[in-house]
file entry05.pdb (PDB, C-alpha atoms, pLDDT in the B column)
ATOM      1  CA  SER A1169       0.341 -17.486   0.257  1.00 69.00           C
ATOM      2  CA  GLN A1170       2.550 -15.063   2.053  1.00 72.00           C
ATOM      3  CA  GLU A1171       1.334 -13.465   5.254  1.00 84.00           C
ATOM      4  CA  LEU A1172       2.773 -10.610   7.222  1.00 90.00           C
ATOM      5  CA  GLU A1173       2.221 -10.225  10.918  1.00 93.00           C
ATOM      6  CA  GLN A1174       2.791  -6.871  12.542  1.00 95.00           C
ATOM      7  CA  SER A1175       3.259  -6.229  16.214  1.00 96.00           C
ATOM      8  CA  PRO A1176       2.061  -4.515  18.198  1.00 96.00           C
ATOM      9  CA  GLN A1177      -1.349  -3.818  16.708  1.00 93.00           C
ATOM     10  CA  SER A1178      -1.446  -0.466  18.425  1.00 94.00           C
ATOM     11  CA  LEU A1179       0.960   1.610  20.413  1.00 96.00           C
ATOM     12  CA  ILE A1180       0.549   4.690  22.557  1.00 97.00           C
ATOM     13  CA  VAL A1181       3.692   6.528  23.563  1.00 97.00           C
ATOM     14  CA  GLN A1182       4.610   9.803  25.153  1.00 97.00           C
ATOM     15  CA  GLU A1183       6.283  12.382  22.956  1.00 97.00           C
ATOM     16  CA  GLY A1184      10.035  11.957  23.017  1.00 97.00           C
ATOM     17  CA  LYS A1185       9.984   8.217  23.638  1.00 97.00           C
ATOM     18  CA  ASN A1186      11.525   5.633  21.334  1.00 97.00           C
ATOM     19  CA  LEU A1187       9.494   2.805  19.868  1.00 97.00           C
ATOM     20  CA  THR A1188       9.812  -0.245  17.642  1.00 98.00           C
ATOM     21  CA  ILE A1189       7.332  -1.909  15.309  1.00 98.00           C
ATOM     22  CA  ASN A1190       7.947  -5.415  13.996  1.00 96.00           C
ATOM     23  CA  CYS A1191       6.905  -7.157  10.814  1.00 95.00           C
ATOM     24  CA  THR A1192       7.307 -10.917  10.451  1.00 93.00           C
ATOM     25  CA  SER A1193       6.801 -12.811   7.218  1.00 89.00           C
ATOM     26  CA  SER A1194       5.605 -16.378   6.764  1.00 84.00           C
ATOM     27  CA  LYS A1195       7.880 -16.741   3.739  1.00 81.00           C
ATOM     28  CA  THR A1196      11.144 -15.451   2.393  1.00 77.00           C
ATOM     29  CA  LEU A1197      11.261 -11.719   2.030  1.00 75.00           C
ATOM     30  CA  TYR A1198      12.644 -10.573  -1.300  1.00 74.00           C
ATOM     31  CA  GLY A1199      11.991  -7.018  -0.356  1.00 78.00           C
ATOM     32  CA  LEU A1200      10.113  -5.166   2.296  1.00 86.00           C
ATOM     33  CA  TYR A1201       8.304  -1.841   2.116  1.00 89.00           C
ATOM     34  CA  TRP A1202       7.346   0.378   5.008  1.00 93.00           C
ATOM     35  CA  TYR A1203       4.515   2.850   4.566  1.00 93.00           C
ATOM     36  CA  LYS A1204       2.716   5.297   6.803  1.00 94.00           C
ATOM     37  CA  GLN A1205      -0.984   5.949   6.425  1.00 90.00           C
ATOM     38  CA  LYS A1206      -3.312   8.384   8.082  1.00 83.00           C
ATOM     39  CA  TYR A1207      -6.879   7.106   8.276  1.00 73.00           C
ATOM     40  CA  GLY A1208      -8.753   7.686   5.045  1.00 75.00           C
ATOM     41  CA  GLU A1209      -5.661   8.782   3.149  1.00 82.00           C
ATOM     42  CA  GLY A1210      -3.145   7.210   0.845  1.00 84.00           C
ATOM     43  CA  LEU A1211       0.099   5.568   1.817  1.00 88.00           C
ATOM     44  CA  ILE A1212       3.289   7.526   2.227  1.00 88.00           C
ATOM     45  CA  PHE A1213       6.356   5.623   1.142  1.00 86.00           C
ATOM     46  CA  LEU A1214       8.943   5.493   3.919  1.00 91.00           C
ATOM     47  CA  MET A1215      11.563   2.957   2.956  1.00 87.00           C
ATOM     48  CA  MET A1216      12.232  -0.118   0.914  1.00 85.00           C
ATOM     49  CA  LEU A1217      14.667  -2.781   2.039  1.00 86.00           C
ATOM     50  CA  GLN A1218      16.287  -5.500  -0.023  1.00 77.00           C
ATOM     51  CA  LYS A1219      17.303  -8.930   1.087  1.00 65.00           C
ATOM     52  CA  GLY A1220      20.334  -9.273   3.219  1.00 76.00           C
ATOM     53  CA  GLY A1221      20.311  -7.378   6.492  1.00 82.00           C
ATOM     54  CA  GLU A1222      19.907  -3.953   5.024  1.00 88.00           C
ATOM     55  CA  GLU A1223      19.328  -0.967   7.270  1.00 92.00           C
ATOM     56  CA  LYS A1224      18.061   2.456   6.241  1.00 92.00           C
ATOM     57  CA  SER A1225      17.364   5.663   8.071  1.00 92.00           C
ATOM     58  CA  HIS A1226      15.309   8.700   7.240  1.00 86.00           C
ATOM     59  CA  GLU A1227      15.219  11.488   9.776  1.00 88.00           C
ATOM     60  CA  LYS A1228      14.275   9.747  13.015  1.00 94.00           C
ATOM     61  CA  ILE A1229      13.028   6.535  11.479  1.00 96.00           C
ATOM     62  CA  THR A1230      15.270   3.502  11.009  1.00 96.00           C
ATOM     63  CA  ALA A1231      14.223   0.265   9.377  1.00 96.00           C
ATOM     64  CA  LYS A1232      16.110  -3.001   9.337  1.00 94.00           C
ATOM     65  CA  LEU A1233      15.584  -6.208   7.421  1.00 90.00           C
ATOM     66  CA  ASP A1234      16.794  -9.463   8.915  1.00 87.00           C
ATOM     67  CA  GLU A1235      16.611 -12.050   6.175  1.00 69.00           C
ATOM     68  CA  LYS A1236      17.293 -15.014   8.372  1.00 77.00           C
ATOM     69  CA  LYS A1237      14.448 -14.213  10.663  1.00 59.00           C
ATOM     70  CA  GLN A1238      12.159 -13.156   7.877  1.00 87.00           C
ATOM     71  CA  GLN A1239      11.596 -10.070   9.913  1.00 92.00           C
ATOM     72  CA  SER A1240      11.820  -6.308   9.653  1.00 94.00           C
ATOM     73  CA  SER A1241      11.699  -3.713  12.358  1.00 96.00           C
ATOM     74  CA  LEU A1242      10.909  -0.031  12.227  1.00 97.00           C
ATOM     75  CA  HIS A1243      12.355   2.115  14.969  1.00 97.00           C
ATOM     76  CA  ILE A1244      11.384   5.691  15.735  1.00 97.00           C
ATOM     77  CA  THR A1245      13.656   7.737  17.919  1.00 97.00           C
ATOM     78  CA  ALA A1246      12.346  10.610  20.029  1.00 97.00           C
ATOM     79  CA  SER A1247       8.806  10.280  18.727  1.00 97.00           C
ATOM     80  CA  GLN A1248       6.739  13.352  17.889  1.00 96.00           C
ATOM     81  CA  PRO A1249       2.995  13.854  17.360  1.00 94.00           C
ATOM     82  CA  SER A1250       3.719  14.077  13.624  1.00 93.00           C
ATOM     83  CA  HIS A1251       4.767  10.429  13.714  1.00 95.00           C
ATOM     84  CA  ALA A1252       1.244   9.356  14.622  1.00 95.00           C
ATOM     85  CA  GLY A1253      -0.538   7.217  12.075  1.00 93.00           C
ATOM     86  CA  ILE A1254      -0.785   3.658  10.873  1.00 93.00           C
ATOM     87  CA  TYR A1255       2.406   1.965   9.837  1.00 95.00           C
ATOM     88  CA  LEU A1256       2.122  -0.796   7.277  1.00 94.00           C
ATOM     89  CA  CYS A1257       4.723  -3.219   6.093  1.00 94.00           C
ATOM     90  CA  GLY A1258       4.352  -4.697   2.637  1.00 90.00           C
ATOM     91  CA  ALA A1259       6.279  -7.503   1.042  1.00 85.00           C
ATOM     92  CA  ALA A1260       6.834  -8.768  -2.447  1.00 74.00           C
ATOM     93  CA  GLY A1261       6.790 -12.521  -2.539  1.00 60.00           C
ATOM     94  CA  SER A1262       8.963 -12.932  -5.568  1.00 59.00           C
ATOM     95  CA  GLN A1263      12.064 -11.494  -7.080  1.00 52.00           C
ATOM     96  CA  GLY A1264      11.769  -9.278 -10.107  1.00 50.00           C
ATOM     97  CA  GLY A1265       8.753  -8.942 -12.347  1.00 46.00           C
ATOM     98  CA  SER A1266       5.579  -7.261 -11.197  1.00 54.00           C
ATOM     99  CA  GLU A1267       5.760  -6.715  -7.507  1.00 68.00           C
ATOM    100  CA  LYS A1268       2.431  -7.579  -6.024  1.00 74.00           C
ATOM    101  CA  LEU A1269       2.560  -6.588  -2.416  1.00 81.00           C
ATOM    102  CA  VAL A1270       1.032  -8.317   0.546  1.00 83.00           C
ATOM    103  CA  PHE A1271       0.453  -6.053   3.520  1.00 88.00           C
ATOM    104  CA  GLY A1272       0.392  -6.571   7.232  1.00 90.00           C
ATOM    105  CA  LYS A1273      -2.614  -5.370   9.195  1.00 89.00           C
ATOM    106  CA  GLY A1274      -0.830  -2.287  10.360  1.00 92.00           C
ATOM    107  CA  THR A1275       0.284  -0.792  13.634  1.00 95.00           C
ATOM    108  CA  LYS A1276      -1.596   2.221  14.883  1.00 93.00           C
ATOM    109  CA  LEU A1277       0.733   4.666  16.578  1.00 96.00           C
ATOM    110  CA  THR A1278      -0.496   7.418  18.873  1.00 95.00           C
ATOM    111  CA  VAL A1279       1.984   9.945  20.234  1.00 96.00           C
ATOM    112  CA  ASN A1280       0.751  11.980  23.157  1.00 95.00           C
ATOM    113  CA  PRO A1281       2.224  15.475  23.559  1.00 92.00           C
TER     114      PRO A1281
ATOM    115  CA  GLY H 874       9.784  11.559  -5.347  1.00 63.00           C
ATOM    116  CA  ALA H 875       7.259   9.808  -7.533  1.00 73.00           C
ATOM    117  CA  VAL H 876       3.713  11.175  -7.463  1.00 88.00           C
ATOM    118  CA  VAL H 877       0.535   9.239  -8.037  1.00 92.00           C
ATOM    119  CA  SER H 878      -2.838  10.934  -8.151  1.00 94.00           C
ATOM    120  CA  GLN H 879      -6.358   9.586  -7.915  1.00 95.00           C
ATOM    121  CA  HIS H 880      -9.588  11.140  -8.990  1.00 96.00           C
ATOM    122  CA  PRO H 881     -12.063  11.615  -7.521  1.00 96.00           C
ATOM    123  CA  SER H 882     -11.021  11.645  -3.879  1.00 93.00           C
ATOM    124  CA  ARG H 883     -14.600  11.071  -2.750  1.00 94.00           C
ATOM    125  CA  VAL H 884     -17.673   9.904  -4.590  1.00 96.00           C
ATOM    126  CA  ILE H 885     -21.206   9.160  -3.497  1.00 96.00           C
ATOM    127  CA  CYS H 886     -23.411   7.290  -5.907  1.00 95.00           C
ATOM    128  CA  LYS H 887     -26.749   5.556  -5.931  1.00 96.00           C
ATOM    129  CA  SER H 888     -27.090   1.814  -5.930  1.00 96.00           C
ATOM    130  CA  GLY H 889     -27.069   0.410  -9.455  1.00 96.00           C
ATOM    131  CA  THR H 890     -24.951   3.122 -11.019  1.00 97.00           C
ATOM    132  CA  SER H 891     -21.362   2.822 -12.204  1.00 97.00           C
ATOM    133  CA  VAL H 892     -18.408   4.792 -10.922  1.00 97.00           C
ATOM    134  CA  LYS H 893     -15.043   5.338 -12.574  1.00 97.00           C
ATOM    135  CA  ILE H 894     -11.893   6.014 -10.570  1.00 97.00           C
ATOM    136  CA  GLU H 895      -8.716   7.263 -12.252  1.00 97.00           C
ATOM    137  CA  CYS H 896      -5.159   6.586 -11.173  1.00 96.00           C
ATOM    138  CA  ARG H 897      -2.340   8.590 -12.744  1.00 95.00           C
ATOM    139  CA  SER H 898       1.408   8.501 -12.371  1.00 93.00           C
ATOM    140  CA  LEU H 899       2.336  12.151 -12.736  1.00 92.00           C
ATOM    141  CA  ASP H 900       6.080  12.140 -13.196  1.00 89.00           C
ATOM    142  CA  PHE H 901       6.950   8.647 -14.339  1.00 88.00           C
ATOM    143  CA  GLN H 902       5.661   5.949 -16.624  1.00 89.00           C
ATOM    144  CA  ALA H 903       4.140   2.901 -15.021  1.00 87.00           C
ATOM    145  CA  THR H 904       3.688  -0.251 -17.049  1.00 81.00           C
ATOM    146  CA  THR H 905       2.095  -1.824 -14.011  1.00 89.00           C
ATOM    147  CA  MET H 906      -0.384  -0.399 -11.552  1.00 93.00           C
ATOM    148  CA  PHE H 907      -2.227  -2.088  -8.734  1.00 93.00           C
ATOM    149  CA  TRP H 908      -5.662  -1.567  -7.282  1.00 95.00           C
ATOM    150  CA  TYR H 909      -6.322  -2.158  -3.599  1.00 93.00           C
ATOM    151  CA  ARG H 910      -9.344  -1.997  -1.415  1.00 94.00           C
ATOM    152  CA  GLN H 911      -9.339  -1.119   2.238  1.00 90.00           C
ATOM    153  CA  PHE H 912     -12.150  -1.572   4.720  1.00 84.00           C
ATOM    154  CA  PRO H 913     -12.278   0.488   7.915  1.00 79.00           C
ATOM    155  CA  LYS H 914      -9.526  -0.411  10.346  1.00 74.00           C
ATOM    156  CA  GLN H 915      -8.242  -3.140   8.073  1.00 78.00           C
ATOM    157  CA  SER H 916      -5.236  -3.516   5.866  1.00 81.00           C
ATOM    158  CA  LEU H 917      -5.074  -3.150   2.121  1.00 86.00           C
ATOM    159  CA  MET H 918      -6.332  -6.003   0.027  1.00 89.00           C
ATOM    160  CA  LEU H 919      -5.014  -6.355  -3.498  1.00 90.00           C
ATOM    161  CA  MET H 920      -7.814  -6.517  -6.038  1.00 94.00           C
ATOM    162  CA  ALA H 921      -6.006  -6.633  -9.346  1.00 93.00           C
ATOM    163  CA  THR H 922      -2.850  -5.938 -11.267  1.00 91.00           C
ATOM    164  CA  SER H 923      -3.262  -3.545 -14.155  1.00 89.00           C
ATOM    165  CA  ASN H 924      -0.853  -3.941 -17.067  1.00 85.00           C
ATOM    166  CA  GLU H 925      -0.545  -1.359 -19.803  1.00 84.00           C
ATOM    167  CA  GLY H 926      -1.811  -2.697 -23.090  1.00 82.00           C
ATOM    168  CA  SER H 927      -3.126  -5.987 -21.750  1.00 84.00           C
ATOM    169  CA  LYS H 928      -5.864  -7.400 -19.596  1.00 87.00           C
ATOM    170  CA  ALA H 929      -5.775  -6.951 -15.869  1.00 91.00           C
ATOM    171  CA  THR H 930      -4.998  -9.864 -13.596  1.00 91.00           C
ATOM    172  CA  TYR H 931      -7.545 -10.233 -10.828  1.00 94.00           C
ATOM    173  CA  GLU H 932      -7.021 -11.740  -7.414  1.00 91.00           C
ATOM    174  CA  GLN H 933      -9.066 -14.682  -6.340  1.00 90.00           C
ATOM    175  CA  GLY H 934     -12.550 -13.702  -5.294  1.00 92.00           C
ATOM    176  CA  VAL H 935     -12.596 -10.380  -7.141  1.00 94.00           C
ATOM    177  CA  GLU H 936     -15.298 -10.174  -9.801  1.00 93.00           C
ATOM    178  CA  LYS H 937     -13.713  -8.997 -13.022  1.00 92.00           C
ATOM    179  CA  ASP H 938     -17.058  -8.083 -14.547  1.00 94.00           C
ATOM    180  CA  LYS H 939     -17.885  -5.891 -11.601  1.00 96.00           C
ATOM    181  CA  PHE H 940     -14.534  -4.171 -11.245  1.00 96.00           C
ATOM    182  CA  LEU H 941     -13.442  -3.226 -14.751  1.00 95.00           C
ATOM    183  CA  ILE H 942      -9.863  -2.154 -15.130  1.00 94.00           C
ATOM    184  CA  ASN H 943      -8.402  -0.357 -18.114  1.00 91.00           C
ATOM    185  CA  HIS H 944      -4.747   0.599 -18.388  1.00 89.00           C
ATOM    186  CA  ALA H 945      -4.923   2.693 -21.512  1.00 83.00           C
ATOM    187  CA  SER H 946      -1.580   4.435 -21.269  1.00 89.00           C
ATOM    188  CA  LEU H 947       1.671   4.327 -19.335  1.00 89.00           C
ATOM    189  CA  THR H 948       0.384   6.936 -16.927  1.00 93.00           C
ATOM    190  CA  LEU H 949      -3.288   6.102 -16.500  1.00 94.00           C
ATOM    191  CA  SER H 950      -5.279   3.193 -15.135  1.00 94.00           C
ATOM    192  CA  THR H 951      -8.994   3.311 -14.436  1.00 96.00           C
ATOM    193  CA  LEU H 952     -11.171   1.211 -12.174  1.00 97.00           C
ATOM    194  CA  THR H 953     -14.882   1.157 -12.922  1.00 97.00           C
ATOM    195  CA  VAL H 954     -17.203  -0.226 -10.303  1.00 97.00           C
ATOM    196  CA  THR H 955     -20.205  -1.372 -12.291  1.00 96.00           C
ATOM    197  CA  SER H 956     -23.718  -1.590 -10.862  1.00 96.00           C
ATOM    198  CA  ALA H 957     -22.450  -0.489  -7.491  1.00 96.00           C
ATOM    199  CA  HIS H 958     -24.128  -1.706  -4.318  1.00 95.00           C
ATOM    200  CA  PRO H 959     -23.747  -0.552  -0.717  1.00 95.00           C
ATOM    201  CA  GLU H 960     -21.365  -3.433   0.005  1.00 94.00           C
ATOM    202  CA  ASP H 961     -18.982  -1.926  -2.562  1.00 95.00           C
ATOM    203  CA  SER H 962     -18.571   1.114  -0.346  1.00 95.00           C
ATOM    204  CA  SER H 963     -14.932   1.210   0.577  1.00 94.00           C
ATOM    205  CA  PHE H 964     -11.650   3.044   0.253  1.00 94.00           C
ATOM    206  CA  TYR H 965      -9.948   2.256  -3.051  1.00 96.00           C
ATOM    207  CA  ILE H 966      -6.234   2.922  -3.449  1.00 94.00           C
ATOM    208  CA  CYS H 967      -4.055   2.498  -6.488  1.00 94.00           C
ATOM    209  CA  SER H 968      -0.320   2.184  -6.708  1.00 92.00           C
ATOM    210  CA  ALA H 969       2.069   2.611  -9.585  1.00 91.00           C
ATOM    211  CA  GLN H 970       5.244   0.660 -10.001  1.00 85.00           C
ATOM    212  CA  ARG H 971       8.479   2.004 -11.374  1.00 79.00           C
ATOM    213  CA  PRO H 972      11.902   0.460 -11.697  1.00 73.00           C
ATOM    214  CA  SER H 973      14.181   1.207  -8.795  1.00 67.00           C
ATOM    215  CA  GLY H 974      17.386   0.496 -10.663  1.00 63.00           C
ATOM    216  CA  ARG H 975      18.344  -2.241  -8.247  1.00 56.00           C
ATOM    217  CA  VAL H 976      19.442  -5.649  -9.364  1.00 51.00           C
ATOM    218  CA  LEU H 977      17.803  -7.811  -6.734  1.00 53.00           C
ATOM    219  CA  PHE H 978      14.616  -5.913  -6.229  1.00 53.00           C
ATOM    220  CA  GLY H 979      13.638  -4.127  -9.367  1.00 62.00           C
ATOM    221  CA  TYR H 980      10.658  -2.031  -8.423  1.00 71.00           C
ATOM    222  CA  GLU H 981       9.296   0.580  -6.092  1.00 77.00           C
ATOM    223  CA  GLN H 982       5.628   1.213  -5.541  1.00 81.00           C
ATOM    224  CA  TYR H 983       4.027   4.568  -4.936  1.00 87.00           C
ATOM    225  CA  PHE H 984       0.478   4.972  -3.801  1.00 90.00           C
ATOM    226  CA  GLY H 985      -2.259   7.398  -4.688  1.00 92.00           C
ATOM    227  CA  PRO H 986      -4.202   9.275  -2.002  1.00 91.00           C
ATOM    228  CA  GLY H 987      -7.194   6.972  -2.319  1.00 93.00           C
ATOM    229  CA  THR H 988     -10.842   7.307  -3.311  1.00 95.00           C
ATOM    230  CA  ARG H 989     -13.628   6.899  -0.813  1.00 94.00           C
ATOM    231  CA  LEU H 990     -16.671   5.393  -2.460  1.00 96.00           C
ATOM    232  CA  THR H 991     -20.032   5.501  -0.736  1.00 96.00           C
ATOM    233  CA  VAL H 992     -22.946   3.738  -2.366  1.00 96.00           C
ATOM    234  CA  THR H 993     -26.364   4.710  -1.044  1.00 95.00           C
TER     235      THR H 993
END
call {"tool": "encode", "arguments": {"input": "entry05.pdb", "output": "structure tokens"}}
result
Amino acid sequence: SQELEQSPQSLIVQEGKNLTINCTSSKTLYGLYWYKQKYGEGLIFLMMLQKGGEEKSHEKITAKLDEKKQQSSLHITASQPSHAGIYLCGAAGSQGGSEKLVFGKGTKLTVNP
Amino acid sequence: GAVVSQHPSRVICKSGTSVKIECRSLDFQATTMFWYRQFPKQSLMLMATSNEGSKATYEQGVEKDKFLINHASLTLSTLTVTSAHPEDSSFYICSAQRPSGRVLFGYEQYFGPGTRLTVT
């Protein structure tokens, strides 16, 4: 079965600093989701990446998918306290059809003002 | 963006009772919804895939008789935890799938806000 490993598990940064979170898959990524979750709440959809080196940006968050490395990275520029939360990557293990997602364990981000 | 709601957001019930959780896609039709469970400080674990008009598909290790899923319409799926016990206390999250219009990757998933179940 597919497994996703996220690194680091937790991250504490000072406001204004840049940071990167990585997500590595044990199998081919047909698509990769990034979500943000605050403890005890639902997931907020950030971005979805398809196969093939896609890169997307939304405000100060940029996500990239490197198909060859079976890896995705999420980069936050000039972090703010509002970026704090748990970031989860989720992957669909097959192309088309119902997209069951497998999730990584998450990266807890703390941004100190 | 797509909106998915869950009701209730929190529920406390006594051991042995049953609890129903609703998941609704508010502005799109979802032929497929998913139910996840999340324990404190852990990631989401897929419990089952809910398909409109057919039986749910359960993941290995999930008791189908305990976690009853009904996907009665294109906008509503329900999860009933039957004869709940304290070990069923958890955070339950649903997601609804809708086509993204892409060729390679056909779907996007949107999540509800979750339901915290506490069984006493």
call {"tool": "atom_distance", "arguments": {"input": "entry05.pdb", "atom1": "CA of Ser1193 in chain A", "atom2": "CA of Glu1222 in chain A"}}
result
16.0 Å
call {"tool": "resolve_selection", "arguments": {"input": "entry05.pdb", "expression": "the PyMOL selection byres ((chain A and resi 1254) around 9)", "output": "list of chain:residue names"}}
result
A:Ser1178, A:Tyr1203, A:Lys1204, A:Gln1205, A:Lys1206, A:Tyr1207, A:Ala1252, A:Gly1253, A:Tyr1255, A:Leu1256, A:Gly1274, A:Thr1275, A:Lys1276, A:Leu1277, A:Thr1278
call {"tool": "closest_atom_pairs", "arguments": {"input": "entry05.pdb", "of": "chain A", "to": "chain H", "cutoff": "10 Å", "atoms": "all atoms listed in the file", "output": "JSON lines"}}
result
{"residue": "A:Tyr1198", "atom": "CA", "partner": "H:Phe978", "partner_atom": "CA", "distance": 7.1}
{"residue": "A:Gly1199", "atom": "CA", "partner": "H:Phe978", "partner_atom": "CA", "distance": 6.5}
{"residue": "A:Leu1200", "atom": "CA", "partner": "H:Phe978", "partner_atom": "CA", "distance": 9.7}
{"residue": "A:Tyr1201", "atom": "CA", "partner": "H:Glu981", "partner_atom": "CA", "distance": 8.6}
{"residue": "A:Tyr1203", "atom": "CA", "partner": "H:Phe984", "partner_atom": "CA", "distance": 9.5}
{"residue": "A:Gln1205", "atom": "CA", "partner": "H:Pro986", "partner_atom": "CA", "distance": 9.6}
{"residue": "A:Tyr1207", "atom": "CA", "partner": "H:Lys914", "partner_atom": "CA", "distance": 8.2}
{"residue": "A:Gly1208", "atom": "CA", "partner": "H:Phe964", "partner_atom": "CA", "distance": 7.3}
{"residue": "A:Glu1209", "atom": "CA", "partner": "H:Pro986", "partner_atom": "CA", "distance": 5.4}
{"residue": "A:Gly1210", "atom": "CA", "partner": "H:Pro986", "partner_atom": "CA", "distance": 3.7}
{"residue": "A:Leu1211", "atom": "CA", "partner": "H:Phe984", "partner_atom": "CA", "distance": 5.7}
{"residue": "A:Ile1212", "atom": "CA", "partner": "H:Phe984", "partner_atom": "CA", "distance": 7.1}
{"residue": "A:Phe1213", "atom": "CA", "partner": "H:Tyr983", "partner_atom": "CA", "distance": 6.6}
{"residue": "A:Met1215", "atom": "CA", "partner": "H:Glu981", "partner_atom": "CA", "distance": 9.6}
{"residue": "A:Met1216", "atom": "CA", "partner": "H:Glu981", "partner_atom": "CA", "distance": 7.6}
{"residue": "A:Leu1217", "atom": "CA", "partner": "H:Phe978", "partner_atom": "CA", "distance": 8.8}
{"residue": "A:Gln1218", "atom": "CA", "partner": "H:Phe978", "partner_atom": "CA", "distance": 6.4}
{"residue": "A:Lys1219", "atom": "CA", "partner": "H:Leu977", "partner_atom": "CA", "distance": 7.9}
{"residue": "A:Ile1254", "atom": "CA", "partner": "H:Lys914", "partner_atom": "CA", "distance": 9.7}
{"residue": "A:Leu1256", "atom": "CA", "partner": "H:Ser916", "partner_atom": "CA", "distance": 8.0}
{"residue": "A:Cys1257", "atom": "CA", "partner": "H:Ser916", "partner_atom": "CA", "distance": 10.0}
{"residue": "A:Gly1258", "atom": "CA", "partner": "H:Leu917", "partner_atom": "CA", "distance": 9.6}
{"residue": "A:Ala1260", "atom": "CA", "partner": "H:Phe978", "partner_atom": "CA", "distance": 9.1}
{"residue": "A:Ser1262", "atom": "CA", "partner": "H:Phe978", "partner_atom": "CA", "distance": 9.0}
{"residue": "A:Gln1263", "atom": "CA", "partner": "H:Phe978", "partner_atom": "CA", "distance": 6.2}
{"residue": "A:Gly1264", "atom": "CA", "partner": "H:Gly979", "partner_atom": "CA", "distance": 5.5}
{"residue": "A:Gly1265", "atom": "CA", "partner": "H:Gly979", "partner_atom": "CA", "distance": 7.5}
{"residue": "A:Ser1266", "atom": "CA", "partner": "H:Thr905", "partner_atom": "CA", "distance": 7.0}
{"residue": "A:Glu1267", "atom": "CA", "partner": "H:Tyr980", "partner_atom": "CA", "distance": 6.8}
{"residue": "A:Lys1268", "atom": "CA", "partner": "H:Thr922", "partner_atom": "CA", "distance": 7.6}
{"residue": "A:Leu1269", "atom": "CA", "partner": "H:Leu919", "partner_atom": "CA", "distance": 7.7}
{"residue": "A:Val1270", "atom": "CA", "partner": "H:Leu919", "partner_atom": "CA", "distance": 7.5}
{"residue": "A:Phe1271", "atom": "CA", "partner": "H:Leu917", "partner_atom": "CA", "distance": 6.4}
{"residue": "A:Gly1272", "atom": "CA", "partner": "H:Ser916", "partner_atom": "CA", "distance": 6.5}
{"residue": "A:Lys1273", "atom": "CA", "partner": "H:Ser916", "partner_atom": "CA", "distance": 4.6}
{"residue": "A:Gly1274", "atom": "CA", "partner": "H:Ser916", "partner_atom": "CA", "distance": 6.4}
{"residue": "A:Thr1275", "atom": "CA", "partner": "H:Ser916", "partner_atom": "CA", "distance": 9.9}
{"residue": "A:Lys1276", "atom": "CA", "partner": "H:Lys914", "partner_atom": "CA", "distance": 9.5}
call {"tool": "resolve_selection", "arguments": {"input": "entry05.pdb", "expression": "the PyMOL selection byres ((chain A and resi 1194) around 8)", "output": "list in words"}}
result
Gln1170, Glu1171, Leu1172, Thr1192, Ser1193, Lys1195, Thr1196 and Gln1238 of chain A
call {"tool": "resolve_selection", "arguments": {"input": "entry05.pdb", "expression": "the PyMOL selection byres ((chain H and resi 886) around 12)", "output": "ChimeraX atom specification"}}
result
/H:883-885,887-893,954-959,961-962,989-993
call {"tool": "residues_around", "arguments": {"input": "entry05.pdb", "residues": "Glu1223 in chain A", "least_positions_apart": "4", "cutoff": "8 Å", "atoms": "only C-alpha atoms", "output": "list in words"}}
result
Leu1217, Thr1230, Ala1231, Lys1232 and Leu1233 of chain A
call {"tool": "write_last_selection", "arguments": {"input": "entry05.pdb", "atoms": "C-alpha atoms", "output": "PDB file, in the frame of the given file"}}
result
ATOM      1  CA  LEU A1217      14.667  -2.781   2.039  1.00 86.00           C
ATOM      2  CA  THR A1230      15.270   3.502  11.009  1.00 96.00           C
ATOM      3  CA  ALA A1231      14.223   0.265   9.377  1.00 96.00           C
ATOM      4  CA  LYS A1232      16.110  -3.001   9.337  1.00 94.00           C
ATOM      5  CA  LEU A1233      15.584  -6.208   7.421  1.00 90.00           C
TER       6      LEU A1233
END
call {"tool": "atom_distance", "arguments": {"input": "entry05.pdb", "atom1": "CA of Glu1173 in chain A", "atom2": "CA of Ser963 in chain H"}}
result
23.1 Å
call {"tool": "atom_distance", "arguments": {"input": "entry05.pdb", "atom1": "CA of His1251 in chain A", "atom2": "CA of Gln1239 in chain A"}}
result
21.9 Å
call {"tool": "residues_near_point", "arguments": {"input": "entry05.pdb", "point": "(-3.7, -11.1, -10.9)", "cutoff": "8 Å", "atoms": "all atoms listed in the file", "output": "number ranges by chain"}}
result
H: 920-922, 929-933
call {"tool": "axis_aligned_box", "arguments": {"input": "entry05.pdb", "around": "range 876-880 of chain H", "padding_each_side": "8 Å", "output": "AutoDock Vina command-line options"}}
result
--center_x -2.9 --center_y 10.2 --center_z -8.2 --size_x 29.3 --size_y 17.9 --size_z 17.5
call {"tool": "closest_residue", "arguments": {"input": "entry05.pdb", "among": "H:Glu960, H:Arg910, H:His880, H:Ala903", "to": "Thr948 in chain H", "atoms": "all atoms listed in the file"}}
result
H:Ala903
